[in-house]
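J.: The structure is given below, and queries will be raised subsequently.
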Amino acid sequence: KEAVGHLLEHPAIDAVSFVGSTPVARHIHRTASANGKRVQALGGAKNHMIVLPDADIDLAADAAVSAGFGSAGQRCMAVSVVVAVGASAGRLVDAIAMRTERISIGAGTAPDSEMGPLITREHRDRVASYVGAAESDGARVIVDGRKTAVPNDGFFLGCTLLDGVKPKMSVYEDEVFGPVLCVVRVDTYDDALVL
């Protein structure tokens, strides 16, 4: 926080760009703007990945899994929504599910681990609550990270894949910041762009 404060006020810095929580984005925007800087501040961002019907589904699934579950989804640039256009949806969901179920979950120091724990018990429970809410709201839980066998020592949650997510669902609107990948189905590329 101290280093960022200096960057926001330093006269030699002309612009700043930020992706993270909404309260911090507001603070950065307010402070940097007051100091005459150009500001790009994305708060509570939901990064979308659009997959078109003519896509290489294996390549798209690999990219979605890496971008969605790397760092247990706890990075501001994680892809949290895959927008499946038209005929790509069914094949894409199947391909992501297959890859998701094979991810090795364990301590970050273990050489065979591909995904580590979440930051706190409270955060793990919060992320799991989004899965439950999405299911109650009508999303289909394709891979349920709440039921995945995970290590007992740490705040682990397995990868979750949700299909049929709608924009008004809390799992879509809120920044979950965990290993939850949502699939939203649309008919056309134009629909994807509007979303």
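Residue names in the structure tokens use chain letters A, B, ... in the order shown, residue numbers from 1 in each chain, and ligand numbers from 1 in the order shown.
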Taking the backbone alone, and naming residues the way the document does, which bits of stretch 3-38 of chain A are alpha helix (DSSP H) by DSSP, as a list in words?
T.: Ala3, Val4, Gly5, His6, Leu7, Leu8, Glu9, Thr22, Pro23, Val24, Ala25, Arg26, His27, Ile28, His29, Arg30, Thr31, Ala32, Ser33 and Ala34 of chain A
J.: Compile the contact shell of stretch 86-93 of chain A as a PDB file with C-alpha atoms, in the first residue's frame: residues with an atom at most 12 Å away, counting only C-alpha atoms, same-chain residues fewer than 3 positions apart removed.
T.:
```pdb
ATOM      1  CA  ILE A  50     -15.148 -16.027 -25.908  1.00  0.00           C
ATOM      2  CA  VAL A  51     -15.066 -19.366 -27.727  1.00  0.00           C
ATOM      3  CA  LEU A  52     -16.518 -19.420 -31.234  1.00  0.00           C
ATOM      4  CA  PRO A  53     -18.007 -22.490 -32.968  1.00  0.00           C
ATOM      5  CA  ASP A  54     -14.985 -22.886 -35.281  1.00  0.00           C
ATOM      6  CA  ALA A  55     -12.462 -22.822 -32.407  1.00  0.00           C
ATOM      7  CA  ASP A  56      -9.988 -25.596 -31.735  1.00  0.00           C
ATOM      8  CA  ILE A  57     -11.902 -26.975 -28.728  1.00  0.00           C
ATOM      9  CA  ASP A  58      -8.899 -28.763 -27.200  1.00  0.00           C
ATOM     10  CA  LEU A  59      -6.804 -25.608 -27.369  1.00  0.00           C
ATOM     11  CA  ALA A  60      -9.671 -23.503 -25.961  1.00  0.00           C
ATOM     12  CA  ALA A  61     -10.258 -25.968 -23.104  1.00  0.00           C
ATOM     13  CA  ASP A  62      -6.548 -26.003 -22.231  1.00  0.00           C
ATOM     14  CA  ALA A  63      -6.520 -22.201 -22.172  1.00  0.00           C
ATOM     15  CA  ALA A  64      -9.698 -21.989 -20.067  1.00  0.00           C
ATOM     16  CA  VAL A  65      -8.393 -24.446 -17.477  1.00  0.00           C
ATOM     17  CA  VAL A  82     -16.169 -18.675 -20.670  1.00  0.00           C
ATOM     18  CA  VAL A  83     -18.690 -17.414 -23.211  1.00  0.00           C
ATOM     19  CA  ILE A  96     -13.028 -28.501 -19.786  1.00  0.00           C
ATOM     20  CA  ALA A  97     -14.647 -31.006 -17.411  1.00  0.00           C
ATOM     21  CA  MET A  98     -12.272 -33.766 -18.480  1.00  0.00           C
ATOM     22  CA  ARG A  99      -9.247 -31.553 -17.846  1.00  0.00           C
ATOM     23  CA  THR A 100     -10.600 -30.128 -14.595  1.00  0.00           C
ATOM     24  CA  ARG A 140     -25.614 -26.889 -13.654  1.00  0.00           C
ATOM     25  CA  VAL A 141     -22.670 -28.026 -11.544  1.00  0.00           C
ATOM     26  CA  ILE A 142     -20.607 -30.067 -14.003  1.00  0.00           C
ATOM     27  CA  VAL A 143     -17.563 -30.487 -11.737  1.00  0.00           C
ATOM     28  CA  THR A 160     -15.609 -26.144 -10.066  1.00  0.00           C
ATOM     29  CA  LEU A 161     -17.146 -25.937 -13.527  1.00  0.00           C
ATOM     30  CA  LEU A 162     -20.607 -24.378 -13.803  1.00  0.00           C
ATOM     31  CA  ASP A 163     -22.674 -24.464 -17.000  1.00  0.00           C
ATOM     32  CA  GLY A 164     -25.778 -22.466 -17.841  1.00  0.00           C
ATOM     33  CA  LEU A 181     -15.178 -21.341 -13.931  1.00  0.00           C
ATOM     34  CA  CYS A 182     -18.565 -20.263 -15.299  1.00  0.00           C
ATOM     35  CA  VAL A 183     -19.859 -21.104 -18.765  1.00  0.00           C
ATOM     36  CA  VAL A 184     -22.393 -18.721 -20.257  1.00  0.00           C
ATOM     37  CA  ARG A 185     -24.013 -19.894 -23.496  1.00  0.00           C
ATOM     38  CA  VAL A 186     -24.947 -17.399 -26.209  1.00  0.00           C
ATOM     39  CA  ASP A 187     -26.190 -17.847 -29.760  1.00  0.00           C
ATOM     40  CA  THR A 188     -23.981 -15.460 -31.710  1.00  0.00           C
ATOM     41  CA  TYR A 189     -20.700 -13.581 -31.639  1.00  0.00           C
ATOM     42  CA  ASP A 190     -22.655 -10.326 -31.389  1.00  0.00           C
ATOM     43  CA  ASP A 191     -24.421 -11.672 -28.273  1.00  0.00           C
ATOM     44  CA  ALA A 192     -21.025 -12.481 -26.796  1.00  0.00           C
TER      45      ALA A 192
END
```
J.: So that I can check the surroundings of stretch 149-156 of chain A, please list as a ChimeraX atom specification every protein, DNA and RNA residue that reaches within 8 Å of it, counting only C-alpha atoms and ignoring chain neighbours fewer than 4 positions away.
T.: /A:105-106,116-121,124
J.: Using DSSP secondary structure from the backbone, list all strand (DSSP E or B) positions within stretch 39-188 of chain A, as a ChimeraX atom specification.
T.: /A:39-43,47-51,79-85,105,115,140-143,160-163,180-186
J.: Selection from above, N, CA and C atoms, as a short mmCIF file (atom, residue, chain, number, x, y, z; two decimals), in the first residue's frame, can you write it?
T.:
```
data_model
loop_
_atom_site.label_atom_id
_atom_site.label_comp_id
_atom_site.auth_asym_id
_atom_site.auth_seq_id
_atom_site.Cartn_x
_atom_site.Cartn_y
_atom_site.Cartn_z
N VAL A 39 -6.01 7.21 -15.59
CA VAL A 39 -6.23 6.04 -14.75
C VAL A 39 -7.12 5.03 -15.46
N GLN A 40 -6.69 3.79 -15.42
CA GLN A 40 -7.53 2.67 -15.81
C GLN A 40 -7.65 1.82 -14.55
N ALA A 41 -8.83 1.76 -13.96
CA ALA A 41 -9.01 1.02 -12.71
C ALA A 41 -10.19 0.09 -12.86
N LEU A 42 -9.91 -1.19 -12.98
CA LEU A 42 -10.95 -2.21 -13.15
C LEU A 42 -11.21 -2.87 -11.81
N GLY A 43 -12.34 -2.55 -11.21
CA GLY A 43 -12.68 -3.10 -9.90
C GLY A 43 -13.66 -4.24 -10.02
N ASN A 47 -13.16 -11.46 -15.97
CA ASN A 47 -12.51 -11.64 -17.26
C ASN A 47 -13.23 -12.73 -18.05
N HIS A 48 -13.60 -12.39 -19.26
CA HIS A 48 -14.35 -13.29 -20.14
C HIS A 48 -13.45 -13.83 -21.25
N MET A 49 -13.72 -15.06 -21.62
CA MET A 49 -13.04 -15.71 -22.75
C MET A 49 -14.14 -16.16 -23.70
N ILE A 50 -14.13 -15.66 -24.92
CA ILE A 50 -15.15 -16.03 -25.91
C ILE A 50 -14.62 -17.17 -26.76
N VAL A 51 -15.44 -18.22 -26.90
CA VAL A 51 -15.07 -19.37 -27.73
C VAL A 51 -16.11 -19.51 -28.84
N VAL A 79 -9.36 -15.93 -15.79
CA VAL A 79 -10.60 -16.01 -16.57
C VAL A 79 -11.63 -16.68 -15.67
N SER A 80 -12.74 -16.02 -15.47
CA SER A 80 -13.77 -16.60 -14.61
C SER A 80 -15.04 -16.94 -15.39
N VAL A 81 -15.15 -16.43 -16.62
CA VAL A 81 -16.33 -16.69 -17.45
C VAL A 81 -15.88 -17.10 -18.85
N VAL A 82 -16.36 -18.25 -19.28
CA VAL A 82 -16.17 -18.68 -20.67
C VAL A 82 -17.50 -18.47 -21.37
N VAL A 83 -17.49 -17.68 -22.43
CA VAL A 83 -18.69 -17.41 -23.21
C VAL A 83 -18.64 -18.34 -24.42
N ALA A 84 -19.49 -19.36 -24.38
CA ALA A 84 -19.51 -20.37 -25.44
C ALA A 84 -20.56 -19.97 -26.47
N VAL A 85 -20.10 -19.74 -27.69
CA VAL A 85 -20.98 -19.28 -28.76
C VAL A 85 -21.49 -20.47 -29.57
N ILE A 105 -4.31 -31.34 -6.91
CA ILE A 105 -4.45 -30.29 -5.91
C ILE A 105 -3.62 -30.65 -4.69
N MET A 115 -2.43 -27.05 -8.43
CA MET A 115 -3.24 -26.00 -7.82
C MET A 115 -3.14 -26.11 -6.31
N ARG A 140 -25.92 -25.46 -13.78
CA ARG A 140 -25.61 -26.89 -13.65
C ARG A 140 -24.18 -27.04 -13.17
N VAL A 141 -24.01 -27.78 -12.08
CA VAL A 141 -22.67 -28.03 -11.54
C VAL A 141 -22.11 -29.24 -12.28
N ILE A 142 -21.19 -29.00 -13.19
CA ILE A 142 -20.61 -30.07 -14.00
C ILE A 142 -19.48 -30.75 -13.23
N VAL A 143 -18.62 -29.98 -12.62
CA VAL A 143 -17.56 -30.49 -11.74
C VAL A 143 -17.71 -29.70 -10.44
N THR A 160 -14.19 -26.05 -9.76
CA THR A 160 -15.61 -26.14 -10.07
C THR A 160 -15.87 -25.62 -11.47
N LEU A 161 -16.70 -26.35 -12.20
CA LEU A 161 -17.15 -25.94 -13.53
C LEU A 161 -18.66 -25.83 -13.49
N LEU A 162 -19.16 -24.63 -13.78
CA LEU A 162 -20.61 -24.38 -13.80
C LEU A 162 -21.04 -24.10 -15.24
N ASP A 163 -22.13 -24.70 -15.67
CA ASP A 163 -22.67 -24.46 -17.00
C ASP A 163 -24.05 -23.83 -16.85
N VAL A 180 -13.45 -21.30 -9.63
CA VAL A 180 -14.80 -21.50 -10.16
C VAL A 180 -14.83 -20.91 -11.56
N LEU A 181 -15.10 -21.76 -12.53
CA LEU A 181 -15.18 -21.34 -13.93
C LEU A 181 -16.63 -21.44 -14.39
N CYS A 182 -17.17 -20.33 -14.86
CA CYS A 182 -18.57 -20.26 -15.30
C CYS A 182 -18.64 -20.32 -16.82
N VAL A 183 -19.60 -21.08 -17.32
CA VAL A 183 -19.86 -21.10 -18.77
C VAL A 183 -21.21 -20.45 -19.00
N VAL A 184 -21.18 -19.40 -19.83
CA VAL A 184 -22.39 -18.72 -20.26
C VAL A 184 -22.56 -19.05 -21.73
N ARG A 185 -23.74 -19.53 -22.10
CA ARG A 185 -24.01 -19.89 -23.50
C ARG A 185 -24.75 -18.76 -24.19
N VAL A 186 -24.27 -18.40 -25.38
CA VAL A 186 -24.95 -17.40 -26.21
C VAL A 186 -25.06 -17.95 -27.63
#
```
J.: Write out as a VMD selection string which residues come within 12 Å of stretch 173-176 of chain A when counting only C-alpha atoms, dropping same-chain ones fewer than 3 positions away.
T.: chain A and resid 19 to 22 42 to 47 68 72 to 81 118 123 to 131 133 to 134 160 165 to 170 179 to 182 195
J.: Restricting it to C-alpha atoms, dump the selection as an mmCIF file, in the first residue's frame.
T.:
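As a result, selection.cif now contains:
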```
data_model
loop_
_atom_site.group_PDB
_atom_site.id
_atom_site.type_symbol
_atom_site.label_atom_id
_atom_site.label_comp_id
_atom_site.auth_asym_id
_atom_site.auth_seq_id
_atom_site.Cartn_x
_atom_site.Cartn_y
_atom_site.Cartn_z
ATOM 1 C CA VAL A 19 -7.159 -4.664 -11.745
ATOM 2 C CA GLY A 20 -8.437 -5.782 -8.344
ATOM 3 C CA SER A 21 -11.117 -5.193 -5.761
ATOM 4 C CA THR A 22 -13.675 -2.441 -6.275
ATOM 5 C CA LEU A 42 -10.948 -2.213 -13.153
ATOM 6 C CA GLY A 43 -12.679 -3.096 -9.899
ATOM 7 C CA GLY A 44 -14.297 -6.460 -9.292
ATOM 8 C CA ALA A 45 -13.394 -7.464 -12.826
ATOM 9 C CA LYS A 46 -14.813 -10.562 -14.471
ATOM 10 C CA ASN A 47 -12.512 -11.638 -17.260
ATOM 11 C CA GLY A 68 -9.349 -20.181 -14.737
ATOM 12 C CA ALA A 72 -6.509 -21.382 -7.559
ATOM 13 C CA GLY A 73 -8.303 -18.612 -9.450
ATOM 14 C CA GLN A 74 -6.903 -16.099 -6.947
ATOM 15 C CA ARG A 75 -5.422 -13.628 -9.383
ATOM 16 C CA CYS A 76 -7.055 -10.570 -10.798
ATOM 17 C CA MET A 77 -6.460 -11.635 -14.377
ATOM 18 C CA ALA A 78 -7.974 -15.111 -13.987
ATOM 19 C CA VAL A 79 -10.601 -16.012 -16.569
ATOM 20 C CA SER A 80 -13.773 -16.604 -14.613
ATOM 21 C CA VAL A 81 -16.325 -16.692 -17.450
ATOM 22 C CA LEU A 118 -7.116 -20.662 -1.055
ATOM 23 C CA HIS A 123 -12.394 -17.216 1.738
ATOM 24 C CA ARG A 124 -12.644 -20.934 0.905
ATOM 25 C CA ASP A 125 -16.080 -21.059 2.522
ATOM 26 C CA ARG A 126 -17.145 -17.884 0.683
ATOM 27 C CA VAL A 127 -16.083 -19.340 -2.683
ATOM 28 C CA ALA A 128 -17.938 -22.600 -1.932
ATOM 29 C CA SER A 129 -21.057 -20.591 -1.062
ATOM 30 C CA TYR A 130 -21.059 -19.111 -4.576
ATOM 31 C CA VAL A 131 -21.196 -22.625 -6.017
ATOM 32 C CA ALA A 133 -25.944 -20.212 -4.768
ATOM 33 C CA ALA A 134 -25.330 -20.804 -8.485
ATOM 34 C CA THR A 160 -15.609 -26.144 -10.066
ATOM 35 C CA VAL A 165 -24.703 -19.465 -15.784
ATOM 36 C CA LYS A 166 -26.813 -16.342 -16.351
ATOM 37 C CA PRO A 167 -25.689 -12.720 -15.969
ATOM 38 C CA LYS A 168 -28.000 -12.005 -13.004
ATOM 39 C CA MET A 169 -26.515 -14.808 -10.867
ATOM 40 C CA SER A 170 -24.213 -13.749 -8.024
ATOM 41 C CA PRO A 179 -11.329 -21.920 -8.623
ATOM 42 C CA VAL A 180 -14.798 -21.496 -10.157
ATOM 43 C CA LEU A 181 -15.178 -21.341 -13.931
ATOM 44 C CA CYS A 182 -18.565 -20.263 -15.299
ATOM 45 C CA LEU A 195 -22.317 -9.629 -22.772
#
```
J.: Find the residues near A:Ile103: any atom within 9 Å, counting only C-alpha atoms, skip ones fewer than 5 places away on the same chain, and give them as a VMD selection string.
T.: chain A and resid 113 to 115 158 to 159
J.: With N, CA, C and O atoms kept, could you save the residues just selected as a PDB file, in the first residue's frame?
T.:
```pdb
ATOM      1  N   SER A 113       1.916 -30.845  -7.571  1.00  0.00           N
ATOM      2  CA  SER A 113       0.726 -29.999  -7.410  1.00  0.00           C
ATOM      3  C   SER A 113       0.568 -29.049  -8.579  1.00  0.00           C
ATOM      4  O   SER A 113       1.515 -28.386  -8.988  1.00  0.00           O
ATOM      5  N   GLU A 114      -0.663 -28.967  -9.079  1.00  0.00           N
ATOM      6  CA  GLU A 114      -0.982 -28.017 -10.136  1.00  0.00           C
ATOM      7  C   GLU A 114      -1.833 -26.861  -9.608  1.00  0.00           C
ATOM      8  O   GLU A 114      -1.939 -25.836 -10.259  1.00  0.00           O
ATOM      9  N   MET A 115      -2.430 -27.054  -8.427  1.00  0.00           N
ATOM     10  CA  MET A 115      -3.240 -26.001  -7.819  1.00  0.00           C
ATOM     11  C   MET A 115      -3.140 -26.108  -6.308  1.00  0.00           C
ATOM     12  O   MET A 115      -3.298 -27.183  -5.748  1.00  0.00           O
ATOM     13  N   GLY A 158     -11.643 -27.859  -4.415  1.00  0.00           N
ATOM     14  CA  GLY A 158     -11.403 -28.359  -5.758  1.00  0.00           C
ATOM     15  C   GLY A 158     -11.923 -27.400  -6.819  1.00  0.00           C
ATOM     16  O   GLY A 158     -12.662 -26.451  -6.538  1.00  0.00           O
ATOM     17  N   CYS A 159     -11.538 -27.666  -8.050  1.00  0.00           N
ATOM     18  CA  CYS A 159     -11.991 -26.860  -9.185  1.00  0.00           C
ATOM     19  C   CYS A 159     -13.472 -27.109  -9.437  1.00  0.00           C
ATOM     20  O   CYS A 159     -13.940 -28.240  -9.359  1.00  0.00           O
TER      21      CYS A 159
END
```
J.: So that I can see what lies close to stretch 5-17 of chain A, please list as a PyMOL selection string the residues with an atom at most 8 Å from it, counting only C-alpha atoms and leaving out residues fewer than 5 positions away in the same chain.
T.: chain A and resi 28+31-32+35-41
J.: Please measure the separation of atom CA of A:Ala67 and atom CA of A:Asp144, giving the value in Å to one decimal.
T.: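 About the pair atom CA of A:Ala67 and atom CA of A:Asp144: they are 18.1 Å apart.
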